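One file, entry.pdb, carrying PDB, C-alpha atoms (C1' of nucleotides):
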MODEL        1
ATOM      1  CA  MET A   1     -16.841   9.457   5.943
ATOM      2  CA  LYS A   2     -14.444   7.111   7.570
ATOM      3  CA  GLN A   3     -11.688   5.955   5.294
ATOM      4  CA  ILE A   4     -10.551   2.420   5.845
ATOM      5  CA  ARG A   5      -7.054   1.717   4.718
ATOM      6  CA  PRO A   6      -6.046  -1.869   5.244
ATOM      7  CA  THR A   7      -2.435  -2.554   4.405
ATOM      8  CA  GLU A   8      -1.275  -5.038   1.845
ATOM      9  CA  SER A   9      -0.947  -7.890   4.343
ATOM     10  CA  GLU A  10      -4.221  -7.004   5.944
ATOM     11  CA  LEU A  11      -5.979  -7.212   2.613
ATOM     12  CA  GLU A  12      -4.604 -10.682   2.079
ATOM     13  CA  ILE A  13      -6.072 -11.768   5.382
ATOM     14  CA  LEU A  14      -9.380 -10.092   4.688
ATOM     15  CA  GLY A  15      -9.449 -11.840   1.342
ATOM     16  CA  VAL A  16      -9.221 -15.206   3.023
ATOM     17  CA  LEU A  17     -11.925 -14.373   5.534
ATOM     18  CA  TRP A  18     -14.280 -13.075   2.872
ATOM     19  CA  GLU A  19     -13.739 -16.199   0.889
ATOM     20  CA  LYS A  20     -13.843 -18.787   3.642
ATOM     21  CA  GLY A  21     -15.956 -17.097   6.245
ATOM     22  CA  PRO A  22     -15.109 -17.162   9.974
ATOM     23  CA  SER A  23     -11.752 -18.829  10.467
ATOM     24  CA  THR A  24      -9.036 -19.482  12.993
ATOM     25  CA  VAL A  25      -5.559 -18.054  12.728
ATOM     26  CA  ARG A  26      -4.307 -21.492  11.783
ATOM     27  CA  GLU A  27      -6.714 -21.780   8.891
ATOM     28  CA  VAL A  28      -5.882 -18.342   7.588
ATOM     29  CA  HIS A  29      -2.204 -18.930   7.981
ATOM     30  CA  ASP A  30      -2.256 -22.248   6.150
ATOM     31  CA  ILE A  31      -3.833 -20.601   3.153
ATOM     32  CA  LEU A  32      -1.553 -17.597   3.159
ATOM     33  CA  SER A  33       1.558 -19.705   3.512
ATOM     34  CA  GLN A  34       0.806 -21.358   0.215
ATOM     35  CA  THR A  35       1.725 -18.166  -1.558
ATOM     36  CA  LYS A  36       3.594 -16.272   1.097
ATOM     37  CA  ASP A  37       6.440 -16.942   3.389
ATOM     38  CA  ALA A  38       5.825 -15.893   6.960
ATOM     39  CA  GLY A  39       5.710 -17.547  10.360
ATOM     40  CA  TYR A  40       2.565 -18.459  12.211
ATOM     41  CA  THR A  41       3.051 -15.871  14.929
ATOM     42  CA  THR A  42       3.343 -13.209  12.274
ATOM     43  CA  THR A  43      -0.118 -13.992  10.978
ATOM     44  CA  LEU A  44      -1.409 -14.192  14.534
ATOM     45  CA  LYS A  45       0.005 -10.813  15.421
ATOM     46  CA  LEU A  46      -1.408  -9.236  12.299
ATOM     47  CA  MET A  47      -4.857 -10.560  13.036
ATOM     48  CA  GLN A  48      -4.664  -9.364  16.623
ATOM     49  CA  ILE A  49      -3.744  -5.905  15.449
ATOM     50  CA  MET A  50      -6.526  -5.954  12.904
ATOM     51  CA  HIS A  51      -8.898  -6.804  15.683
ATOM     52  CA  GLU A  52      -7.666  -3.827  17.710
ATOM     53  CA  LYS A  53      -8.167  -1.616  14.680
ATOM     54  CA  GLY A  54     -11.691  -2.893  14.252
ATOM     55  CA  LEU A  55     -11.027  -4.649  10.967
ATOM     56  CA  LEU A  56     -11.841  -8.039  12.442
ATOM     57  CA  ASP A  57     -14.262  -9.356  15.002
ATOM     58  CA  ARG A  58     -13.418 -12.405  17.046
ATOM     59  CA  ASP A  59     -14.995 -15.036  19.176
ATOM     60  CA  THR A  60     -12.848 -15.989  22.144
ATOM     61  CA  SER A  61     -15.298 -18.339  23.793
ATOM     62  CA  SER A  62     -13.192 -21.376  23.064
ATOM     63  CA  LYS A  63      -9.462 -21.620  23.345
ATOM     64  CA  THR A  64      -8.924 -21.319  19.639
ATOM     65  CA  HIS A  65     -10.257 -17.932  18.622
ATOM     66  CA  VAL A  66     -12.379 -17.504  15.550
ATOM     67  CA  TYR A  67     -12.043 -14.358  13.492
ATOM     68  CA  THR A  68     -14.468 -12.695  11.104
ATOM     69  CA  ALA A  69     -14.053  -9.762   8.730
ATOM     70  CA  ALA A  70     -15.619  -6.684  10.300
ATOM     71  CA  ILE A  71     -15.668  -4.621   7.127
ATOM     72  CA  SER A  72     -17.593  -5.660   4.073
ATOM     73  CA  GLN A  73     -15.952  -6.815   0.911
ATOM     74  CA  GLN A  74     -18.316  -4.595  -1.042
ATOM     75  CA  LYS A  75     -17.393  -1.429   0.790
ATOM     76  CA  THR A  76     -13.702  -2.145   0.621
ATOM     77  CA  GLN A  77     -13.818  -2.869  -3.072
ATOM     78  CA  GLU A  78     -15.675   0.350  -3.647
ATOM     79  CA  GLN A  79     -13.109   2.478  -1.876
ATOM     80  CA  LEU A  80     -10.064   0.851  -3.388
ATOM     81  CA  VAL A  81     -11.438   0.868  -6.896
ATOM     82  CA  ASN A  82     -12.369   4.496  -6.704
ATOM     83  CA  LYS A  83      -8.963   5.463  -5.409
ATOM     84  CA  MET A  84      -7.318   3.418  -8.092
ATOM     85  CA  ILE A  85      -9.340   5.058 -10.823
ATOM     86  CA  ASP A  86      -8.380   8.471  -9.571
ATOM     87  CA  THR A  87      -4.694   7.936  -9.003
ATOM     88  CA  ILE A  88      -3.476   5.649 -11.730
ATOM     89  CA  PHE A  89      -6.206   5.693 -14.344
ATOM     90  CA  GLY A  90      -6.544   9.439 -14.503
ATOM     91  CA  GLY A  91     -10.202   9.271 -13.568
ATOM     92  CA  SER A  92     -11.278   7.026 -16.413
ATOM     93  CA  ALA A  93     -13.275   4.043 -15.231
ATOM     94  CA  SER A  94     -13.468   2.554 -18.699
ATOM     95  CA  GLN A  95      -9.701   2.344 -18.841
ATOM     96  CA  LEU A  96      -9.727   0.247 -15.731
ATOM     97  CA  VAL A  97     -12.457  -1.933 -17.133
ATOM     98  CA  MET A  98     -10.509  -2.620 -20.274
ATOM     99  CA  GLN A  99      -7.384  -3.350 -18.331
ATOM    100  CA  ALA A 100      -9.274  -5.819 -16.182
ATOM    101  CA  LEU A 101     -10.902  -7.536 -19.134
ATOM    102  CA  GLY A 102      -7.766  -7.651 -21.161
ATOM    103  CA  HIS A 103      -5.466  -9.399 -18.787
ATOM    104  CA  HIS A 104      -7.581 -11.637 -16.709
ATOM    105  CA  GLN A 105      -9.051 -14.492 -18.669
ATOM    106  CA  SER A 106     -12.773 -13.981 -18.328
ATOM    107  CA  SER A 107     -15.232 -16.776 -18.781
ATOM    108  CA  GLU A 108     -18.138 -16.583 -21.167
ATOM    109  CA  GLU A 109     -20.356 -16.492 -18.141
ATOM    110  CA  GLU A 110     -18.620 -13.473 -16.709
ATOM    111  CA  LEU A 111     -18.766 -11.639 -19.990
ATOM    112  CA  GLU A 112     -22.470 -12.270 -20.147
ATOM    113  CA  LYS A 113     -22.960 -10.763 -16.723
ATOM    114  CA  ILE A 114     -21.050  -7.704 -17.756
ATOM    115  CA  ARG A 115     -23.090  -7.298 -20.903
ATOM    116  CA  GLU A 116     -26.267  -7.386 -18.878
ATOM    117  CA  TYR A 117     -24.857  -4.853 -16.512
ATOM    118  CA  LEU A 118     -23.943  -2.526 -19.343
ATOM    119  CA  ALA A 119     -27.419  -2.789 -20.775
ATOM    120  CA  ALA A 120     -28.930  -1.923 -17.430
ATOM    121  CA  ILE A 121     -26.761   1.141 -17.074
ATOM    122  CA  GLU A 122     -27.631   2.411 -20.502
ATOM    123  CA  LYS A 123     -31.300   1.952 -19.944
ATOM    124  CA  GLN A 124     -31.024   3.974 -16.808
ATOM    125  CA  GLN A 125     -29.148   6.726 -18.571
ATOM    126  CA  LYS A 126     -31.860   6.970 -21.199
ATOM    127  CA  ASN A 127     -34.463   7.412 -18.511
ATOM    128  CA  ASN A 128     -32.540  10.232 -16.940
ATOM    129  CA  ARG A 129     -32.550  12.216 -20.119
TER
ATOM    130  CA  MET B   1       9.466 -10.994 -13.388
ATOM    131  CA  LYS B   2      10.264  -7.886 -11.448
ATOM    132  CA  GLN B   3       7.459  -6.693  -9.265
ATOM    133  CA  ILE B   4       7.153  -2.954  -8.966
ATOM    134  CA  ARG B   5       5.436  -1.785  -5.847
ATOM    135  CA  PRO B   6       5.192   1.975  -5.676
ATOM    136  CA  THR B   7       3.779   3.248  -2.405
ATOM    137  CA  GLU B   8       0.693   5.363  -2.108
ATOM    138  CA  SER B   9       2.588   8.655  -2.253
ATOM    139  CA  GLU B  10       4.734   7.417  -5.063
ATOM    140  CA  LEU B  11       1.682   6.572  -7.105
ATOM    141  CA  GLU B  12       0.382  10.076  -6.659
ATOM    142  CA  ILE B  13       3.605  11.455  -8.040
ATOM    143  CA  LEU B  14       3.650   8.985 -10.903
ATOM    144  CA  GLY B  15       0.099   9.989 -11.659
ATOM    145  CA  VAL B  16       1.126  13.581 -12.112
ATOM    146  CA  LEU B  17       4.079  12.695 -14.308
ATOM    147  CA  TRP B  18       2.017  10.404 -16.505
ATOM    148  CA  GLU B  19      -0.538  13.140 -16.905
ATOM    149  CA  LYS B  20       1.736  16.132 -17.386
ATOM    150  CA  GLY B  21       4.853  14.557 -18.776
ATOM    151  CA  PRO B  22       8.374  15.551 -17.651
ATOM    152  CA  SER B  23       8.151  17.971 -14.760
ATOM    153  CA  THR B  24      10.129  19.693 -12.060
ATOM    154  CA  VAL B  25       9.655  19.024  -8.385
ATOM    155  CA  ARG B  26       7.996  22.391  -8.096
ATOM    156  CA  GLU B  27       5.439  21.584 -10.747
ATOM    157  CA  VAL B  28       4.624  18.223  -9.245
ATOM    158  CA  HIS B  29       4.414  19.668  -5.785
ATOM    159  CA  ASP B  30       2.090  22.471  -6.799
ATOM    160  CA  ILE B  31      -0.359  19.964  -8.210
ATOM    161  CA  LEU B  32      -0.155  17.587  -5.276
ATOM    162  CA  SER B  33      -0.578  20.364  -2.755
ATOM    163  CA  GLN B  34      -3.997  21.118  -4.189
ATOM    164  CA  THR B  35      -5.304  17.927  -2.695
ATOM    165  CA  LYS B  36      -2.654  17.034  -0.183
ATOM    166  CA  ASP B  37      -0.899  18.768   2.628
ATOM    167  CA  ALA B  38       2.847  18.308   2.616
ATOM    168  CA  GLY B  39       5.906  20.532   2.426
ATOM    169  CA  TYR B  40       7.982  21.094  -0.664
ATOM    170  CA  THR B  41      10.997  19.224   0.664
ATOM    171  CA  THR B  42       8.822  16.224   1.315
ATOM    172  CA  THR B  43       7.887  15.985  -2.324
ATOM    173  CA  LEU B  44      11.498  16.592  -3.287
ATOM    174  CA  LYS B  45      12.753  13.831  -1.042
ATOM    175  CA  LEU B  46      10.174  11.403  -2.315
ATOM    176  CA  MET B  47      11.113  12.074  -5.887
ATOM    177  CA  GLN B  48      14.804  11.692  -5.099
ATOM    178  CA  ILE B  49      14.132   8.325  -3.492
ATOM    179  CA  MET B  50      11.994   7.286  -6.423
ATOM    180  CA  HIS B  51      14.898   8.135  -8.671
ATOM    181  CA  GLU B  52      17.215   5.944  -6.598
ATOM    182  CA  LYS B  53      14.708   3.128  -6.811
ATOM    183  CA  GLY B  54      14.540   3.508 -10.554
ATOM    184  CA  LEU B  55      10.957   4.688 -10.628
ATOM    185  CA  LEU B  56      11.905   8.042 -12.086
ATOM    186  CA  ASP B  57      14.513   9.287 -14.522
ATOM    187  CA  ARG B  58      15.862  12.773 -14.235
ATOM    188  CA  ASP B  59      17.699  15.344 -16.209
ATOM    189  CA  THR B  60      20.166  17.298 -14.095
ATOM    190  CA  SER B  61      21.700  19.328 -16.883
ATOM    191  CA  SER B  62      20.230  22.550 -15.611
ATOM    192  CA  LYS B  63      19.972  23.609 -12.028
ATOM    193  CA  THR B  64      16.318  22.741 -11.796
ATOM    194  CA  HIS B  65      16.069  19.030 -12.383
ATOM    195  CA  VAL B  66      13.403  17.572 -14.612
ATOM    196  CA  TYR B  67      11.870  14.233 -13.708
ATOM    197  CA  THR B  68      10.150  11.647 -15.867
ATOM    198  CA  ALA B  69       8.281   8.474 -14.987
ATOM    199  CA  ALA B  70      10.549   5.499 -15.629
ATOM    200  CA  ILE B  71       7.811   2.902 -15.472
ATOM    201  CA  SER B  72       4.895   2.904 -17.856
ATOM    202  CA  GLN B  73       1.373   3.696 -16.805
ATOM    203  CA  GLN B  74       0.212   0.662 -18.749
ATOM    204  CA  LYS B  75       2.487  -1.773 -16.960
ATOM    205  CA  THR B  76       1.720  -0.352 -13.568
ATOM    206  CA  GLN B  77      -2.007  -0.503 -14.164
ATOM    207  CA  GLU B  78      -1.694  -4.079 -15.262
ATOM    208  CA  GLN B  79       0.123  -5.202 -12.147
ATOM    209  CA  LEU B  80      -2.037  -3.352  -9.680
ATOM    210  CA  VAL B  81      -5.269  -4.406 -11.293
ATOM    211  CA  ASN B  82      -4.241  -8.026 -11.371
ATOM    212  CA  LYS B  83      -3.218  -7.977  -7.757
ATOM    213  CA  MET B  84      -6.457  -6.300  -6.845
ATOM    214  CA  ILE B  85      -8.508  -8.894  -8.660
ATOM    215  CA  ASP B  86      -6.700 -11.671  -6.875
ATOM    216  CA  THR B  87      -6.738 -10.295  -3.364
ATOM    217  CA  ILE B  88     -10.002  -8.491  -2.912
ATOM    218  CA  PHE B  89     -12.180  -9.655  -5.786
ATOM    219  CA  GLY B  90     -11.536 -13.335  -5.284
ATOM    220  CA  GLY B  91     -10.195 -13.697  -8.797
ATOM    221  CA  SER B  92     -13.286 -12.433 -10.549
ATOM    222  CA  ALA B  93     -12.503  -9.723 -13.070
ATOM    223  CA  SER B  94     -16.142  -9.139 -13.846
ATOM    224  CA  GLN B  95     -16.801  -8.203 -10.260
ATOM    225  CA  LEU B  96     -14.208  -5.507 -10.522
ATOM    226  CA  VAL B  97     -15.670  -4.316 -13.777
ATOM    227  CA  MET B  98     -19.106  -3.988 -12.291
ATOM    228  CA  GLN B  99     -17.772  -2.209  -9.275
ATOM    229  CA  ALA B 100     -15.964   0.246 -11.505
ATOM    230  CA  LEU B 101     -18.957   0.874 -13.713
ATOM    231  CA  GLY B 102     -21.368   1.136 -10.866
ATOM    232  CA  HIS B 103     -19.740   3.833  -8.858
ATOM    233  CA  HIS B 104     -17.937   6.015 -11.278
ATOM    234  CA  GLN B 105     -20.284   7.853 -13.577
ATOM    235  CA  SER B 106     -19.290   6.737 -17.020
ATOM    236  CA  SER B 107     -20.028   8.751 -20.118
ATOM    237  CA  GLU B 108     -21.901   7.370 -23.086
ATOM    238  CA  GLU B 109     -18.645   7.538 -24.977
ATOM    239  CA  GLU B 110     -16.834   5.394 -22.447
ATOM    240  CA  LEU B 111     -19.592   2.830 -22.416
ATOM    241  CA  GLU B 112     -19.405   2.591 -26.158
ATOM    242  CA  LYS B 113     -15.694   1.878 -25.989
ATOM    243  CA  ILE B 114     -16.281  -0.862 -23.494
ATOM    244  CA  ARG B 115     -18.971  -2.449 -25.637
ATOM    245  CA  GLU B 116     -16.623  -2.548 -28.574
ATOM    246  CA  TYR B 117     -13.975  -4.080 -26.419
ATOM    247  CA  LEU B 118     -16.329  -6.767 -25.194
ATOM    248  CA  ALA B 119     -17.319  -7.591 -28.732
ATOM    249  CA  ALA B 120     -13.687  -7.955 -29.716
ATOM    250  CA  ILE B 121     -12.984 -10.310 -26.846
ATOM    251  CA  GLU B 122     -15.933 -12.511 -27.658
ATOM    252  CA  LYS B 123     -15.003 -12.714 -31.283
ATOM    253  CA  GLN B 124     -11.570 -13.824 -30.278
ATOM    254  CA  GLN B 125     -12.929 -16.451 -27.949
ATOM    255  CA  LYS B 126     -15.067 -17.875 -30.723
ATOM    256  CA  ASN B 127     -12.034 -18.222 -32.919
ATOM    257  CA  ASN B 128     -10.183 -20.108 -30.244
ATOM    258  CA  ARG B 129     -12.827 -22.726 -30.033
TER
ATOM    259  C1'  DA C   1      -0.015 -36.801  36.350
ATOM    260  C1'  DT C   2       3.437 -35.883  33.192
ATOM    261  C1'  DT C   3       4.585 -34.725  28.658
ATOM    262  C1'  DA C   4       3.808 -33.069  24.078
ATOM    263  C1'  DT C   5       1.205 -30.150  21.138
ATOM    264  C1'  DT C   6      -1.143 -26.126  19.905
ATOM    265  C1'  DG C   7      -2.661 -21.691  20.780
ATOM    266  C1'  DT C   8      -2.472 -16.740  22.567
ATOM    267  C1'  DA C   9      -0.077 -12.699  24.546
ATOM    268  C1'  DC C  10       3.580  -9.685  24.705
ATOM    269  C1'  DG C  11       7.423  -7.193  23.531
ATOM    270  C1'  DA C  12      10.877  -5.957  20.801
ATOM    271  C1'  DA C  13      13.730  -5.775  16.552
ATOM    272  C1'  DT C  14      13.642  -4.663  11.805
ATOM    273  C1'  DA C  15      12.101  -2.641   7.845
ATOM    274  C1'  DT C  16       9.777   0.733   5.291
ATOM    275  C1'  DC C  17       7.389   5.232   4.551
ATOM    276  C1'  DT C  18       6.698   9.912   5.397
ATOM    277  C1'  DT C  19       7.922  14.200   6.963
ATOM    278  C1'  DC C  20      10.675  18.169   7.462
ATOM    279  C1'  DG C  21      14.641  21.140   9.322
ATOM    280  C1'  DT C  22      18.919  22.866   7.992
ATOM    281  C1'  DA C  23      22.768  23.780   5.101
ATOM    282  C1'  DA C  24      24.939  24.466   0.924
ATOM    283  C1'  DA C  25      24.748  25.639  -4.173
ATOM    284  C1'  DC C  26      23.012  28.329  -7.739
ATOM    285  C1'  DG C  27      21.148  32.097 -10.313
ATOM    286  C1'  DA C  28      18.787  36.531 -10.599
ATOM    287  C1'  DA C  29      18.089  41.190  -9.013
ATOM    288  C1'  DT C  30      19.869  45.198  -6.959
TER
ATOM    289  C1'  DA D   1      29.577  41.933  -4.833
ATOM    290  C1'  DT D   2      25.865  41.404  -1.776
ATOM    291  C1'  DT D   3      21.360  40.054  -1.088
ATOM    292  C1'  DC D   4      17.313  37.396  -2.005
ATOM    293  C1'  DG D   5      14.642  33.655  -3.604
ATOM    294  C1'  DT D   6      14.775  28.984  -5.348
ATOM    295  C1'  DT D   7      16.598  24.500  -5.526
ATOM    296  C1'  DT D   8      19.073  20.417  -4.244
ATOM    297  C1'  DA D   9      21.385  17.475  -0.718
ATOM    298  C1'  DC D  10      21.635  15.395   3.569
ATOM    299  C1'  DG D  11      20.313  13.551   7.708
ATOM    300  C1'  DA D  12      17.404  12.428  11.081
ATOM    301  C1'  DA D  13      12.979  12.056  13.525
ATOM    302  C1'  DG D  14       8.413  10.152  13.603
ATOM    303  C1'  DA D  15       5.002   7.074  12.007
ATOM    304  C1'  DT D  16       3.535   2.764  10.442
ATOM    305  C1'  DA D  17       4.085  -2.089   9.020
ATOM    306  C1'  DT D  18       6.155  -6.512   9.341
ATOM    307  C1'  DT D  19       8.488 -10.064  11.501
ATOM    308  C1'  DC D  20       9.442 -13.317  15.043
ATOM    309  C1'  DG D  21      11.370 -15.046  19.696
ATOM    310  C1'  DT D  22       9.877 -16.275  24.057
ATOM    311  C1'  DA D  23       6.746 -17.095  27.770
ATOM    312  C1'  DC D  24       2.636 -18.685  29.358
ATOM    313  C1'  DA D  25      -2.063 -21.085  29.133
ATOM    314  C1'  DA D  26      -5.023 -24.631  27.563
ATOM    315  C1'  DT D  27      -5.851 -28.974  25.725
ATOM    316  C1'  DA D  28      -4.739 -33.656  24.171
ATOM    317  C1'  DA D  29      -1.955 -37.844  24.400
ATOM    318  C1'  DT D  30       0.535 -41.144  26.983
TER
ENDMDL
END

Can the structure from this file be put into C-alpha cells for me?
Amino acid sequence: MKQIRPTESELEILGVLWEKGPSTVREVHDILSQTKDAGYTTTLKLMQIMHEKGLLDRDTSSKTHVYTAAISQQKTQEQLVNKMIDTIFGGSASQLVMQALGHHQSSEEELEKIREYLAAIEKQQKNNR
Amino acid sequence: MKQIRPTESELEILGVLWEKGPSTVREVHDILSQTKDAGYTTTLKLMQIMHEKGLLDRDTSSKTHVYTAAISQQKTQEQLVNKMIDTIFGGSASQLVMQALGHHQSSEEELEKIREYLAAIEKQQKNNR
DNA sequence: ATTATTGTACGAATATCTTCGTAAACGAAT
DNA sequence: ATTCGTTTACGAAGATATTCGTACAATAAT
C-alpha cells in the first residue's frame, strides 16, 4: 500500500483545494496568506513540487494554470487519523473522539450525526455476534 | 500561546515515554526498533535534541541517563487534533469522529464511554441555552 | 507598439530532520 | 590494571522542506 505523506504546508494547500475545488495559485495563495506569512512564489513552488510528486493535477491549457487535488480528502484523513491514533493516542480511538468533541465546539447538528453513526455501529456489532 | 510541534520521530519517542514512563535511551530504542529501522545512536541523538528543545527532561545522576516526557500527552493531543480538524477536516470535528470510529475497531466498552461523553455534552449545551 | 501587470520556471540559499561514524567516559568482568 | 561492553558526546553528512530572487513569457492597458 502506498503511503502518502504530505508535509504540513502541503496539507494546508490540499485543504484549500478540497474546500474550494480547482483553483489557481493566486487563489490558493490569497487564502493561505490570511493565516500564514509567505510570498507568492513560495506557494507557487510548493504547488509545482506537489504536482511533480503526484499530489496535484493541473490544467495548463490557459496561461494561468489551474490545480486540483489528486489525492482524496477521505483517503488522506483515513491515513492521518490512523497514524495519530497509533502514535499519540496509544491505539485508543475513543480517546481521540473525546478529545475532538471536547475542544472543538460542536453544533447540535453535528452531535446528532455522531449519535446516528454510533447507533449504526452498534447495530452492526450485534449482528456480528 | 506556545505552539509545540514535535516531528514525526519525536512523537514516536514521546509515545513510548508516555506509555512506559521514565526510560533510558536503550529502553526507548528497543521498543522503537521493533517497528522501525534505525541505529541506537540515532535514537540517542534525537532524544538529546529533544532535551535541548525542552521536550524531554532527563536525570543524569547515574551514568545511564533517564528521560521523561516534558510535555503532557493531553496537551499534545489537544493541539494536534485541533490542527488536524482545521486543516484536513475543514473545521468539522464530527467528521473526524466518524473517521476515527469507522476505521479503528472500537470495543463495546469504548463506545459506551463515548455515549456517556456525548450525553454529558448535550446536557451542558441545554444548560447554556 | 510600448509599457505595466501577472504568471510560470528555475535555481539556489536556508532551514530543519534524520542518520550514523567515531571518540571519549564509565563501569563491570577478568 | 587491562579488557570488554555500554553509554554519552560531538560533529558532520545526507535527506527533505521551505523560502524567495530573478528571468522570462503571456496578457492587458495605454

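Selection check: the PyMOL selection byres ((chain B and resi 117-120) around 9) on the shown file gives A:Met98, A:Leu101, A:Gly102, A:Leu111, A:Ile114, A:Arg115, B:Glu112, B:Lys113, B:Ile114, B:Arg115, B:Glu116, B:Ile121, B:Glu122, B:Lys123, B:Gln124, B:Gln125.
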
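Shown here are all protein and nucleic acid residues lying within 8 Å of (6.6, 9.4, -12.2), with only C-alpha atoms (C1' of nucleotides) considered: Glu10, Leu11, Ile13, Leu14, Gly15, Val16, Leu17, Trp18, Leu55, Leu56, Tyr67, Thr68, Ala69, Ala70 and Ile71 of chain B.
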
> Using all atoms listed in the file, which residue out of C:DC10, C:DA1, C:DT22, C:DA15 lies closest to chain B?
Replying inline: C:DT22

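Interatomic distance, CA of Val81 in chain B to CA of Lys36 in chain A: 19.3 Å.
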
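CA of Leu32 in chain A sits 11.1 Å away from CA of Thr87 in chain B.
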
>> Please find the residues of chain B near chain C - the criterion being any atom within 9 Å, counting all atoms listed in the file - and write them as a list in words.
In response: Thr7, Ser9, Ala38, Gly39, Thr41, Thr42, Leu46 and Lys63 of chain B

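One finds CA of Thr35 in chain B at 12.1 Å from CA of Asp86 in chain A.
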
I'd like a table as a tab-separated table: residues in chain D with an atom no more than 12 Å from chain A, each row giving the shortest atom pair and its distance in Å to one decimal, all atoms listed in the file counted, sorted by chain and rising residue number.
residue	atom	partner	partner_atom	distance
D:DT16	C1'	A:Thr7	CA	10.0
D:DA17	C1'	A:Thr7	CA	8.0
D:DT18	C1'	A:Thr42	CA	7.8
D:DT19	C1'	A:Thr42	CA	6.1
D:DC20	C1'	A:Thr42	CA	6.7
D:DG21	C1'	A:Thr41	CA	9.6
D:DT22	C1'	A:Thr41	CA	11.4
D:DA25	C1'	A:Lys63	CA	9.4
D:DA26	C1'	A:Lys63	CA	6.8
D:DT27	C1'	A:Lys63	CA	8.5

What are the residues of chain A lining chain B at 6 Å or less? Count all atoms listed in the file, and put the answer as a JSON list (two decimals) with C-alpha atoms, keeping the file's coordinate frame.
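Here's the written file selection07.json:
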[["chain", "number", "residue", "atom", "x", "y", "z"],
["A", 12, "GLU", "CA", -4.60, -10.68, 2.08],
["A", 15, "GLY", "CA", -9.45, -11.84, 1.34],
["A", 87, "THR", "CA", -4.69, 7.94, -9.00],
["A", 88, "ILE", "CA", -3.48, 5.65, -11.73],
["A", 93, "ALA", "CA", -13.28, 4.04, -15.23],
["A", 94, "SER", "CA", -13.47, 2.55, -18.70],
["A", 97, "VAL", "CA", -12.46, -1.93, -17.13],
["A", 100, "ALA", "CA", -9.27, -5.82, -16.18],
["A", 110, "GLU", "CA", -18.62, -13.47, -16.71]]

First collect every listed atom of range 8-27 of chain C; then fit an axis-aligned box around them, widen it by 4 Å on each side, and give centre and edge lengths in Å to one decimal, as JSON.
{"center_x": 11.2, "center_y": 7.7, "center_z": 7.2, "size_x": 35.4, "size_y": 56.8, "size_z": 43.0}

Please, could N, CA, C and O atoms be added to range 85-96 of chain A and the result written as a CSV table (one decimal), in the frame of the given file?
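Dumped to out13.csv:
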chain,number,residue,atom,x,y,z
A,85,ILE,N,-8.9,4.3,-9.6
A,85,ILE,CA,-9.3,5.1,-10.8
A,85,ILE,C,-8.8,6.5,-10.8
A,85,ILE,O,-8.2,7.0,-11.8
A,86,ASP,N,-8.9,7.1,-9.7
A,86,ASP,CA,-8.4,8.5,-9.6
A,86,ASP,C,-6.9,8.6,-9.7
A,86,ASP,O,-6.4,9.4,-10.4
A,87,THR,N,-6.1,7.7,-9.0
A,87,THR,CA,-4.7,7.9,-9.0
A,87,THR,C,-4.0,7.4,-10.2
A,87,THR,O,-3.1,8.1,-10.8
A,88,ILE,N,-4.3,6.2,-10.6
A,88,ILE,CA,-3.5,5.6,-11.7
A,88,ILE,C,-4.2,5.5,-13.1
A,88,ILE,O,-3.6,5.2,-14.1
A,89,PHE,N,-5.5,5.8,-13.1
A,89,PHE,CA,-6.2,5.7,-14.3
A,89,PHE,C,-6.7,7.1,-14.8
A,89,PHE,O,-7.5,7.2,-15.7
A,90,GLY,N,-6.2,8.1,-14.1
A,90,GLY,CA,-6.5,9.4,-14.5
A,90,GLY,C,-8.0,9.7,-14.5
A,90,GLY,O,-8.5,10.5,-15.3
A,91,GLY,N,-8.8,9.0,-13.7
A,91,GLY,CA,-10.2,9.3,-13.6
A,91,GLY,C,-11.1,8.5,-14.5
A,91,GLY,O,-12.3,8.6,-14.5
A,92,SER,N,-10.5,7.7,-15.4
A,92,SER,CA,-11.3,7.0,-16.4
A,92,SER,C,-11.6,5.6,-16.0
A,92,SER,O,-10.7,4.7,-16.0
A,93,ALA,N,-12.9,5.4,-15.7
A,93,ALA,CA,-13.3,4.0,-15.2
A,93,ALA,C,-13.2,3.0,-16.4
A,93,ALA,O,-12.8,1.9,-16.2
A,94,SER,N,-13.5,3.5,-17.6
A,94,SER,CA,-13.5,2.6,-18.7
A,94,SER,C,-12.1,2.0,-19.0
A,94,SER,O,-11.9,0.8,-19.3
A,95,GLN,N,-11.1,2.8,-18.7
A,95,GLN,CA,-9.7,2.3,-18.8
A,95,GLN,C,-9.4,1.2,-17.9
A,95,GLN,O,-8.8,0.2,-18.3
A,96,LEU,N,-9.9,1.3,-16.7
A,96,LEU,CA,-9.7,0.2,-15.7
A,96,LEU,C,-10.5,-1.0,-16.2
A,96,LEU,O,-10.0,-2.1,-16.2
